[in-house]
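Reproduced below: entry-v7.cif, with mmCIF, C-alpha atoms and all ligand atoms.
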```
data_entry
loop_
_atom_site.label_atom_id
_atom_site.label_comp_id
_atom_site.auth_asym_id
_atom_site.auth_seq_id
_atom_site.Cartn_x
_atom_site.Cartn_y
_atom_site.Cartn_z
CA MET V 1 16.57 38.93 74.26
CA HIS V 2 16.26 37.23 77.68
CA ILE V 3 12.76 36.39 78.89
CA ALA V 4 11.69 35.26 82.36
CA ILE V 5 8.56 33.10 82.40
CA ILE V 6 6.73 32.60 85.69
CA GLY V 7 4.76 29.32 85.65
CA ALA V 8 5.68 26.04 83.97
CA GLY V 9 2.28 24.66 82.97
CA ILE V 10 1.30 24.28 79.32
CA SER V 11 1.04 28.09 78.95
CA GLY V 12 4.53 28.82 80.28
CA LEU V 13 6.29 25.81 78.76
CA MET V 14 4.87 26.35 75.27
CA THR V 15 5.71 30.06 75.49
CA ALA V 16 9.30 29.11 76.38
CA LEU V 17 9.43 26.68 73.47
CA GLU V 18 8.17 29.27 71.00
CA LEU V 19 10.68 31.87 72.21
CA VAL V 20 13.81 29.67 72.31
CA GLU V 21 13.05 28.44 68.80
CA GLN V 22 13.31 32.12 67.74
CA GLY V 23 16.74 32.49 69.35
CA CYS V 24 15.68 34.07 72.67
CA SER V 25 17.10 32.88 75.97
CA VAL V 26 14.59 31.92 78.61
CA THR V 27 14.45 31.29 82.36
CA ILE V 28 11.37 29.38 83.56
CA PHE V 29 10.25 29.55 87.18
CA ASP V 30 7.79 27.30 88.96
CA GLN V 31 6.85 27.21 92.60
CA GLN V 32 7.01 23.42 92.43
CA HIS V 33 7.99 20.81 89.82
CA ALA V 34 7.28 21.91 86.22
CA GLY V 35 4.01 20.68 84.70
CA ARG V 36 2.26 19.27 87.76
CA GLU V 37 -0.84 21.48 88.07
CA ALA V 38 -3.91 22.02 85.83
CA SER V 39 -1.99 21.08 82.70
CA TRP V 40 -1.16 17.68 84.16
CA ALA V 41 -4.65 17.15 85.61
CA GLY V 42 -6.62 17.95 82.43
CA GLY V 43 -8.13 15.51 79.96
CA GLY V 44 -6.33 16.64 76.81
CA ILE V 45 -9.37 16.89 74.53
CA LEU V 46 -8.13 19.00 71.62
CA SER V 47 -11.36 20.95 71.19
CA PRO V 48 -13.71 22.86 73.46
CA MET V 49 -16.32 20.33 74.60
CA TYR V 50 -19.29 21.92 72.86
CA PRO V 51 -17.67 24.63 70.69
CA TRP V 52 -20.98 26.38 69.98
CA ARG V 53 -21.30 27.12 73.70
CA TYR V 54 -18.02 29.10 73.69
CA GLU V 55 -16.95 32.51 72.45
CA GLN V 56 -15.41 32.55 68.98
CA ALA V 57 -12.17 33.81 70.55
CA VAL V 58 -11.82 30.45 72.33
CA ASN V 59 -12.50 28.43 69.19
CA ASN V 60 -10.16 30.59 67.12
CA LEU V 61 -7.18 29.46 69.20
CA ALA V 62 -8.41 25.90 69.78
CA LYS V 63 -8.81 25.17 66.06
CA HIS V 64 -4.99 25.13 65.70
CA ALA V 65 -4.51 22.54 68.45
CA LYS V 66 -4.17 19.29 66.54
CA ALA V 67 -1.89 20.65 63.82
CA LEU V 68 0.38 22.50 66.26
CA TYR V 69 0.69 19.55 68.64
CA GLN V 70 1.51 17.30 65.66
CA GLU V 71 4.17 19.79 64.56
CA TRP V 72 5.75 20.01 68.03
CA ASN V 73 5.57 16.25 68.60
CA GLU V 74 7.57 15.63 65.42
CA LYS V 75 10.18 18.17 66.46
CA LEU V 76 10.52 17.21 70.13
CA LYS V 77 10.18 13.41 70.01
CA PRO V 78 13.64 12.70 68.56
CA VAL V 79 15.23 14.74 71.39
CA SER V 80 12.95 13.94 74.35
CA GLY V 81 12.19 10.33 73.38
CA ILE V 82 8.56 10.96 74.45
CA ASP V 83 5.54 10.69 72.12
CA PHE V 84 2.60 13.04 72.89
CA GLN V 85 0.26 10.20 71.69
CA ILE V 86 -2.19 12.30 69.70
CA HIS V 87 -5.10 9.86 69.57
CA GLU V 88 -7.54 10.48 66.72
CA THR V 89 -10.59 8.79 68.18
CA GLY V 90 -13.27 11.31 67.24
CA MET V 91 -15.95 12.42 69.70
CA LEU V 92 -19.52 11.18 70.15
CA ILE V 93 -21.95 13.66 71.66
CA LEU V 94 -25.10 12.13 73.11
CA ASP V 95 -26.90 15.32 74.26
CA GLU V 96 -29.95 15.38 71.97
CA ASP V 97 -30.66 19.04 72.70
CA ASP V 98 -27.35 19.98 71.07
CA PHE V 99 -27.77 17.99 67.83
CA GLU V 100 -29.32 20.72 65.70
CA ILE V 101 -27.15 23.59 66.87
CA GLY V 102 -24.04 21.39 66.80
CA LEU V 103 -24.60 20.15 63.25
CA ASN V 104 -25.30 23.69 62.08
CA TYR V 105 -22.16 24.93 63.79
CA ALA V 106 -20.10 22.22 62.15
CA GLN V 107 -21.47 23.15 58.75
CA GLN V 108 -20.68 26.84 59.22
CA HIS V 109 -17.19 26.39 60.69
CA ASN V 110 -14.98 23.95 58.92
CA GLU V 111 -12.66 23.91 61.94
CA PRO V 112 -12.37 22.47 64.55
CA MET V 113 -15.51 20.40 64.07
CA GLN V 114 -14.87 19.10 60.57
CA GLN V 115 -17.17 16.49 59.08
CA ALA V 116 -19.76 16.29 61.83
CA LYS V 117 -22.20 13.46 61.22
CA TYR V 118 -25.58 12.59 62.60
CA LEU V 119 -25.59 8.86 63.46
CA GLN V 120 -28.70 6.67 63.49
CA HIS V 121 -28.74 3.81 65.98
CA GLU V 122 -27.10 1.24 63.67
CA GLN V 123 -24.29 3.60 62.69
CA LEU V 124 -23.78 4.52 66.34
CA GLU V 125 -23.36 0.83 67.21
CA GLN V 126 -20.76 0.48 64.47
CA VAL V 127 -18.80 3.52 65.57
CA ASN V 128 -18.88 2.56 69.25
CA PRO V 129 -20.49 -0.77 70.25
CA HIS V 130 -20.15 -0.01 74.00
CA ILE V 131 -22.61 2.91 74.14
CA HIS V 132 -25.70 2.14 76.25
CA LYS V 133 -28.50 0.78 74.01
CA LYS V 134 -30.92 3.43 75.29
CA TYR V 135 -29.01 5.98 73.17
CA GLN V 136 -30.69 5.74 69.80
CA HIS V 137 -28.62 8.35 68.00
CA ALA V 138 -25.62 10.66 68.36
CA MET V 139 -23.57 13.43 66.81
CA TYR V 140 -20.10 12.31 65.74
CA PHE V 141 -17.05 14.48 65.15
CA PRO V 142 -14.45 12.09 63.71
CA GLN V 143 -11.66 14.71 63.56
CA ILE V 144 -11.46 15.51 67.26
CA ALA V 145 -8.37 14.04 68.89
CA ASN V 146 -7.00 13.89 72.41
CA VAL V 147 -3.44 14.24 73.57
CA ARG V 148 -1.71 12.61 76.51
CA ASN V 149 -1.14 15.91 78.31
CA PRO V 150 1.28 14.65 81.00
CA ARG V 151 3.49 13.37 78.18
CA VAL V 152 3.30 16.69 76.34
CA LEU V 153 4.56 18.43 79.48
CA GLN V 154 7.31 15.83 80.05
CA SER V 155 8.45 16.04 76.46
CA ILE V 156 8.59 19.86 76.38
CA THR V 157 10.35 19.94 79.75
CA ALA V 158 12.94 17.37 78.64
CA TYR V 159 13.54 19.29 75.40
CA LEU V 160 13.89 22.65 77.15
CA LYS V 161 16.15 21.26 79.90
CA GLN V 162 18.74 20.14 77.35
CA HIS V 163 18.54 23.45 75.42
CA PRO V 164 21.61 25.69 75.90
CA LYS V 165 19.46 28.87 76.03
CA VAL V 166 17.10 27.65 78.76
CA GLN V 167 17.39 27.73 82.55
CA PHE V 168 14.86 25.97 84.80
CA LYS V 169 14.16 27.19 88.32
CA GLU V 170 11.79 24.69 89.93
CA HIS V 171 10.59 24.94 93.55
CA CYS V 172 11.16 28.66 93.16
CA PRO V 173 7.98 30.67 93.97
CA ILE V 174 8.20 34.19 92.57
CA GLN V 175 6.64 36.58 95.04
CA THR V 176 7.45 40.09 93.95
CA LEU V 177 7.64 42.08 90.74
CA ASN V 178 10.17 44.84 91.29
CA ILE V 179 8.53 47.74 89.40
CA GLN V 180 10.12 51.16 88.78
CA ASN V 181 9.05 53.77 86.22
CA ASN V 182 6.40 51.44 84.71
CA LYS V 183 8.99 48.75 84.05
CA ILE V 184 9.91 45.48 85.75
CA TYR V 185 13.52 45.66 86.91
CA SER V 186 13.67 42.23 88.50
CA ILE V 187 11.53 39.51 90.03
CA VAL V 188 12.13 38.22 93.52
CA ASP V 189 11.61 34.68 94.84
CA SER V 190 10.50 33.65 98.34
CA SER V 191 14.08 33.55 99.61
CA GLY V 192 14.75 37.13 98.44
CA GLN V 193 16.85 36.20 95.39
CA ASN V 194 16.51 38.68 92.46
CA TYR V 195 16.35 37.65 88.81
CA VAL V 196 16.75 40.08 85.92
CA ALA V 197 15.47 39.73 82.34
CA ASP V 198 14.49 41.99 79.42
CA GLU V 199 10.86 40.82 79.30
CA TYR V 200 8.70 38.96 81.82
CA VAL V 201 5.72 36.63 81.24
CA LEU V 202 3.02 35.73 83.78
CA ALA V 203 1.85 32.16 83.02
CA THR V 204 0.66 31.45 86.53
CA GLY V 205 -2.70 29.78 85.78
CA ALA V 206 -5.13 29.66 88.72
CA TRP V 207 -2.63 31.58 90.90
CA SER V 208 -2.67 34.71 88.71
CA LYS V 209 -4.72 36.76 91.18
CA HIS V 210 -1.54 36.90 93.30
CA TRP V 211 -0.32 39.80 91.09
CA GLU V 212 -3.41 41.99 91.68
CA THR V 213 -2.09 44.19 94.48
CA GLN V 214 1.40 44.66 93.03
CA LEU V 215 -0.02 45.66 89.65
CA GLY V 216 -3.01 47.60 91.01
CA LEU V 217 -5.26 45.62 88.66
CA SER V 218 -8.28 43.45 89.30
CA ILE V 219 -7.45 39.98 87.90
CA PRO V 220 -10.67 37.93 87.69
CA VAL V 221 -9.05 34.47 87.67
CA GLU V 222 -10.18 31.87 90.23
CA PRO V 223 -9.22 28.22 90.80
CA ILE V 224 -12.13 26.00 89.68
CA GLN V 225 -11.60 22.44 90.81
CA GLY V 226 -12.21 19.52 88.44
CA GLN V 227 -12.06 15.90 89.56
CA MET V 228 -11.03 12.97 87.33
CA LEU V 229 -10.95 9.15 87.36
CA LEU V 230 -8.79 6.76 85.35
CA PHE V 231 -9.91 3.29 84.27
CA LYS V 232 -7.72 0.63 82.68
CA THR V 233 -9.40 -1.33 79.90
CA PRO V 234 -7.79 -3.55 77.23
CA GLU V 235 -5.98 -1.68 74.45
CA ASN V 236 -8.35 -0.16 71.86
CA TRP V 237 -11.39 -1.26 73.87
CA LEU V 238 -13.24 2.07 73.74
CA PRO V 239 -13.02 3.37 70.16
CA THR V 240 -14.22 6.98 70.63
CA MET V 241 -14.37 9.78 73.15
CA CYS V 242 -17.93 10.09 74.51
CA MET V 243 -19.71 13.11 75.93
CA ASN V 244 -23.05 13.63 77.62
CA LYS V 245 -24.22 16.41 79.95
CA VAL V 246 -20.69 17.86 80.15
CA MET V 247 -19.27 14.52 81.36
CA TYR V 248 -16.80 12.68 79.18
CA LEU V 249 -14.77 9.54 78.57
CA ILE V 250 -11.37 9.87 76.89
CA PRO V 251 -9.68 6.68 75.67
CA ARG V 252 -5.86 6.66 75.53
CA MET V 253 -3.92 4.46 73.10
CA ASP V 254 -2.93 1.88 75.76
CA GLY V 255 -6.50 1.30 77.04
CA HIS V 256 -6.54 3.83 79.86
CA VAL V 257 -9.82 5.79 79.90
CA VAL V 258 -9.92 9.21 81.59
CA CYS V 259 -13.35 10.16 82.99
CA GLY V 260 -14.53 13.52 84.25
CA SER V 261 -15.27 16.04 85.27
CA SER V 262 -16.72 18.30 87.95
CA MET V 263 -16.68 22.08 88.52
CA ARG V 264 -16.28 23.36 92.10
CA ASN V 265 -15.30 26.81 93.30
CA ILE V 266 -13.67 25.82 96.62
CA GLY V 267 -10.33 27.62 96.54
CA PHE V 268 -6.94 25.94 96.22
CA ASP V 269 -8.25 22.54 97.29
CA THR V 270 -7.46 19.39 95.33
CA THR V 271 -8.79 16.77 97.72
CA ILE V 272 -10.98 14.03 96.22
CA ASN V 273 -14.66 14.19 97.15
CA GLU V 274 -16.52 10.85 97.26
CA ALA V 275 -19.91 12.32 96.27
CA VAL V 276 -18.35 14.00 93.21
CA LYS V 277 -16.66 10.71 92.33
CA GLU V 278 -20.04 8.91 92.47
CA ASN V 279 -21.50 11.56 90.16
CA ILE V 280 -18.75 11.06 87.61
CA LEU V 281 -19.11 7.27 87.82
CA ASP V 282 -22.90 7.46 87.33
CA ALA V 283 -22.49 9.65 84.25
CA CYS V 284 -19.82 7.38 82.77
CA PHE V 285 -21.67 4.12 83.37
CA ASP V 286 -24.80 5.73 81.95
CA MET V 287 -22.92 6.23 78.66
CA VAL V 288 -20.83 3.03 78.74
CA PRO V 289 -22.20 0.50 81.28
CA GLU V 290 -19.51 -2.14 80.57
CA LEU V 291 -16.85 0.22 81.91
CA ALA V 292 -17.94 -0.89 85.40
CA GLN V 293 -16.12 -4.22 84.96
CA PHE V 294 -12.70 -2.53 84.72
CA PRO V 295 -10.52 -1.25 87.57
CA ILE V 296 -10.09 2.39 88.55
CA VAL V 297 -6.32 2.87 88.65
CA ASN V 298 -6.03 6.54 89.60
CA GLU V 299 -8.04 9.61 90.61
CA TRP V 300 -7.10 13.25 91.09
CA ALA V 301 -8.32 16.84 91.01
CA GLY V 302 -6.85 19.93 89.36
CA LEU V 303 -7.43 23.69 89.39
CA ARG V 304 -8.62 25.33 86.20
CA PRO V 305 -7.72 29.02 85.85
CA SER V 306 -11.18 30.50 85.27
CA SER V 307 -11.73 33.80 83.46
CA PRO V 308 -14.84 35.69 82.35
CA ASN V 309 -16.28 33.78 79.32
CA GLY V 310 -13.24 31.48 79.32
CA ILE V 311 -11.22 33.89 77.16
CA PRO V 312 -7.56 33.93 78.22
CA TYR V 313 -5.44 37.06 78.70
CA ILE V 314 -2.66 37.03 76.12
CA GLY V 315 -0.49 40.06 75.40
CA ALA V 316 1.07 43.14 77.01
CA MET V 317 -0.07 43.87 80.56
CA PRO V 318 -1.42 47.41 80.95
CA ASN V 319 0.90 50.22 82.11
CA ILE V 320 4.07 48.10 82.40
CA LYS V 321 6.45 48.18 79.45
CA ASN V 322 7.97 44.70 79.67
CA LEU V 323 5.32 42.49 81.28
CA TRP V 324 3.20 39.99 79.34
CA ALA V 325 0.25 37.75 80.15
CA ASN V 326 -0.62 34.19 79.15
CA PHE V 327 -3.19 33.03 81.71
CA GLY V 328 -6.91 32.45 82.31
CA HIS V 329 -7.53 29.56 79.89
CA PHE V 330 -10.19 27.99 82.13
CA ARG V 331 -11.54 24.72 80.62
CA ASN V 332 -9.59 24.90 77.36
CA GLY V 333 -5.96 25.58 78.18
CA LEU V 334 -4.68 22.39 76.59
CA CYS V 335 -6.48 22.91 73.29
CA MET V 336 -5.70 26.65 73.25
CA GLY V 337 -2.19 26.28 74.74
CA ALA V 338 -0.12 25.85 71.60
CA ALA V 339 -1.77 28.71 69.68
CA SER V 340 -1.81 30.98 72.77
CA ALA V 341 1.94 30.59 73.10
CA ARG V 342 2.51 31.18 69.41
CA LEU V 343 0.39 34.32 69.52
CA LEU V 344 2.25 35.63 72.58
CA ARG V 345 5.64 34.97 70.95
CA GLN V 346 4.46 36.85 67.86
CA LEU V 347 3.30 39.79 69.99
CA ILE V 348 6.55 39.94 71.97
CA LEU V 349 8.72 39.69 68.85
CA LYS V 350 6.43 41.92 66.74
CA GLN V 351 5.77 39.25 64.11
CA PRO V 352 2.68 38.46 61.97
CA LYS V 353 -0.02 36.88 64.15
CA ILE V 354 -1.65 33.45 63.97
CA GLU V 355 -4.95 35.10 65.02
CA ASN V 356 -6.20 38.61 65.69
CA ALA V 357 -5.06 39.31 69.27
CA VAL V 358 -7.67 41.93 70.22
CA ALA V 359 -10.06 39.63 72.11
CA TYR V 360 -7.28 38.46 74.47
CA ASN V 361 -5.74 41.87 75.18
CA PRO V 362 -5.06 42.27 78.94
CA LYS V 363 -5.91 45.96 78.60
CA HIS V 364 -9.43 44.72 79.46
CA LEU V 365 -8.16 44.20 83.04
CA VAL V 366 -9.62 46.94 85.20
CA LYS V 367 -7.76 49.07 87.76
CA MET V 368 -8.38 47.80 91.29
CA ASP V 369 -9.78 51.10 92.55
CA LEU V 370 -12.45 51.01 89.82
CA VAL V 371 -13.81 47.61 90.93
C1 LIG V 401 -10.04 18.19 85.47
C2 LIG V 401 -9.60 19.07 84.34
C3 LIG V 401 -9.86 18.68 83.03
C4 LIG V 401 -9.43 19.47 81.95
N1 LIG V 401 -9.60 19.02 80.68
C5 LIG V 401 -9.15 19.79 79.63
C6 LIG V 401 -9.26 19.31 78.30
O1 LIG V 401 -9.70 18.17 78.05
N2 LIG V 401 -8.86 20.12 77.28
C7 LIG V 401 -8.36 21.37 77.53
O2 LIG V 401 -8.03 22.07 76.57
N3 LIG V 401 -8.22 21.83 78.79
C8 LIG V 401 -8.60 21.07 79.84
N4 LIG V 401 -8.48 21.53 81.13
C9 LIG V 401 -8.02 22.92 81.34
C10 LIG V 401 -6.51 23.02 81.25
O3 LIG V 401 -5.92 21.96 81.98
C11 LIG V 401 -6.05 24.37 81.80
O4 LIG V 401 -6.76 25.42 81.16
C12 LIG V 401 -4.56 24.57 81.51
O5 LIG V 401 -3.83 23.47 81.96
C13 LIG V 401 -4.01 25.84 82.17
O6 LIG V 401 -2.63 25.85 81.94
P1 LIG V 401 -1.69 26.88 82.68
O7 LIG V 401 -0.29 26.60 82.23
O8 LIG V 401 -2.22 28.24 82.47
O9 LIG V 401 -1.88 26.53 84.24
P2 LIG V 401 -1.14 25.43 85.14
O10 LIG V 401 -0.92 24.16 84.42
O11 LIG V 401 -1.89 25.35 86.42
O12 LIG V 401 0.29 26.06 85.37
C14 LIG V 401 0.51 27.21 86.13
C15 LIG V 401 1.86 27.02 86.82
O13 LIG V 401 2.24 28.23 87.45
C16 LIG V 401 2.93 27.91 88.63
N5 LIG V 401 2.92 29.11 89.48
C17 LIG V 401 1.83 29.80 89.89
N6 LIG V 401 2.19 30.87 90.61
C18 LIG V 401 3.54 30.87 90.65
C19 LIG V 401 4.52 31.74 91.23
N7 LIG V 401 4.17 32.83 91.94
N8 LIG V 401 5.83 31.44 91.07
C20 LIG V 401 6.22 30.35 90.36
N9 LIG V 401 5.33 29.49 89.79
C21 LIG V 401 4.01 29.76 89.92
C22 LIG V 401 2.15 26.73 89.19
O14 LIG V 401 2.90 25.98 90.10
C23 LIG V 401 1.83 25.96 87.90
O15 LIG V 401 2.79 24.95 87.63
C24 LIG V 401 -8.82 20.72 82.21
C25 LIG V 401 -8.54 21.11 83.54
C26 LIG V 401 -8.92 20.28 84.59
C27 LIG V 401 -8.57 20.69 85.99
#
```
Could I get this file's structure written as structure tokens?
Ligand SMILES: Cc1cc2nc3c(=O)[nH]c(=O)nc-3n(C[C@H](O)[C@H](O)[C@H](O)COP(=O)(O)OP(=O)(O)OC[C@H]3O[C@@H](n4cnc5c(N)ncnc54)[C@H](O)[C@@H]3O)c2cc1C
Amino acid sequence: MHIAIIGAGISGLMTALELVEQGCSVTIFDQQHAGREASWAGGGILSPMYPWRYEQAVNNLAKHAKALYQEWNEKLKPVSGIDFQIHETGMLILDEDDFEIGLNYAQQHNEPMQQAKYLQHEQLEQVNPHIHKKYQHAMYFPQIANVRNPRVLQSITAYLKQHPKVQFKEHCPIQTLNIQNNKIYSIVDSSGQNYVADEYVLATGAWSKHWETQLGLSIPVEPIQGQMLLFKTPENWLPTMCMNKVMYLIPRMDGHVVCGSSMRNIGFDTTINEAVKENILDACFDMVPELAQFPIVNEWAGLRPSSPNGIPYIGAMPNIKNLWANFGHFRNGLCMGAASARLLRQLILKQPKIENAVAYNPKHLVKMDLV
């Protein structure tokens, strides 16, 4: 079976990986370089930020994140030479209003928030001595890890590029789905070149609305900008991820600390805004004041593919026999990415499923004339 995948972010790349490992041949298209959009820009926290604030459908995919990334890292590293750097730092949550509901949630659901602990001030100081002294207590989730997402993308891309059943078409924007008799016959790029496959996958992230008119469906996916900052501290300086008021610090193994983020609905705009940057800095220094002594070495913004309730569309697109969706992961595409791709592969190849697929079914997309 030959499958064409449009979009080479985490959703498209992991889908390709899943399918080639089952013996399929794959062509992956991206309008620019592979892995340079939301999936590069994200923080790589391998859990929704406050799982109890999300639909169960989001948590059901996210709970597989750490194990699946560990599995893929072991498989890909010997070929790509790149380590995903899954960093098991745990997560401190400082929002007092969430303590009760969060601890209850952790007790009810063994995954992904295993072994949540309430920390008194002394314990908090032991777990992370850099937290501002005004924080007298915290919730701690020692199992939550983060992954170096740009390395995940590089590793998968390197692995796929050397695979005999994979073709990469970068800088190749797909514009048109050539549909006849409820079937895709080919896809067409911006220079008019046609490409033919048996099955086609839309993994086009924040750009997925592009397909609305051609498919006659309303696709409620918008680009929601998030801005980030990168500090460089000494190695192992910040021992845990930290979260307060939806702002976070994510320590990498080599001492880099990623800080974010913002939420702005301003279209396909990734320019840095100074006021937003100040907001992020204030929130970070409020949690960890000593961070202010270290240099900022990078800053960027990325476009999250929003969707209603943050539940992605995974599965067969309505009314077209050979078209599949894997988009709309909003704030959790990195932690849901590996399981989303596995689920889609299982749906395409009619295999047993990692999770019940009903909640993600694109049949929920409404016809345009009904909107
Ligand atoms: C600041 C920020 C922080 C985040 N932090 C986290 C986090 O800590 N944990 C987490 O789980 N998630 C996080 N996310 C969310 C996560 O990054 C996204 O949900 C995820 O990356 C979406 O992946 P994707 O592959 O669907 O989209 P993308 O990575 O955007 O990939 C889509 C690709 O499709 C290509 N494309 C689009 N249209 C076409 C076309 N017509 N033809 C060819 N190619 C096309 C694009 O060029 C792009 O490469 C964060 C996001 C941001 C912005």
Give me the residues within 6 Å of Lys367 of chain V as a PyMOL selection string, counting only C-alpha atoms and dropping any in the same chain fewer than 4 places off.
chain V and resi 216-218
My list of candidates is V:Ile101, V:Val288, V:Ile184, V:Leu177. Which is closest to ligand LIG 401 (chain V) when distances are computed with only C-alpha atoms and all ligand atoms?
V:Leu177
Write out as JSON an axis-aligned box for ligand LIG 401 (chain V): all of its atoms listed in the file, 6 Å added on each side, centre and edge lengths in Å with one decimal.
```
{"center_x": -1.9, "center_y": 25.5, "center_z": 84.3, "size_x": 28.3, "size_y": 26.7, "size_z": 27.4}
```
So which residues touch segment 135-144 of chain V within 10 Å, counting only C-alpha atoms, skipping near sequence neighbours fewer than 2 positions away, as a PyMOL selection string?
chain V and resi 45-48+65-66+87-96+98-100+102-103+106+111-125+127+131-133+146+240-243+286-287
Just the residues within 12 Å of Tyr313 of chain V, please, counting all atoms listed in the file, with nothing from its chain fewer than 4 positions along; format it as a count of residues only.
42
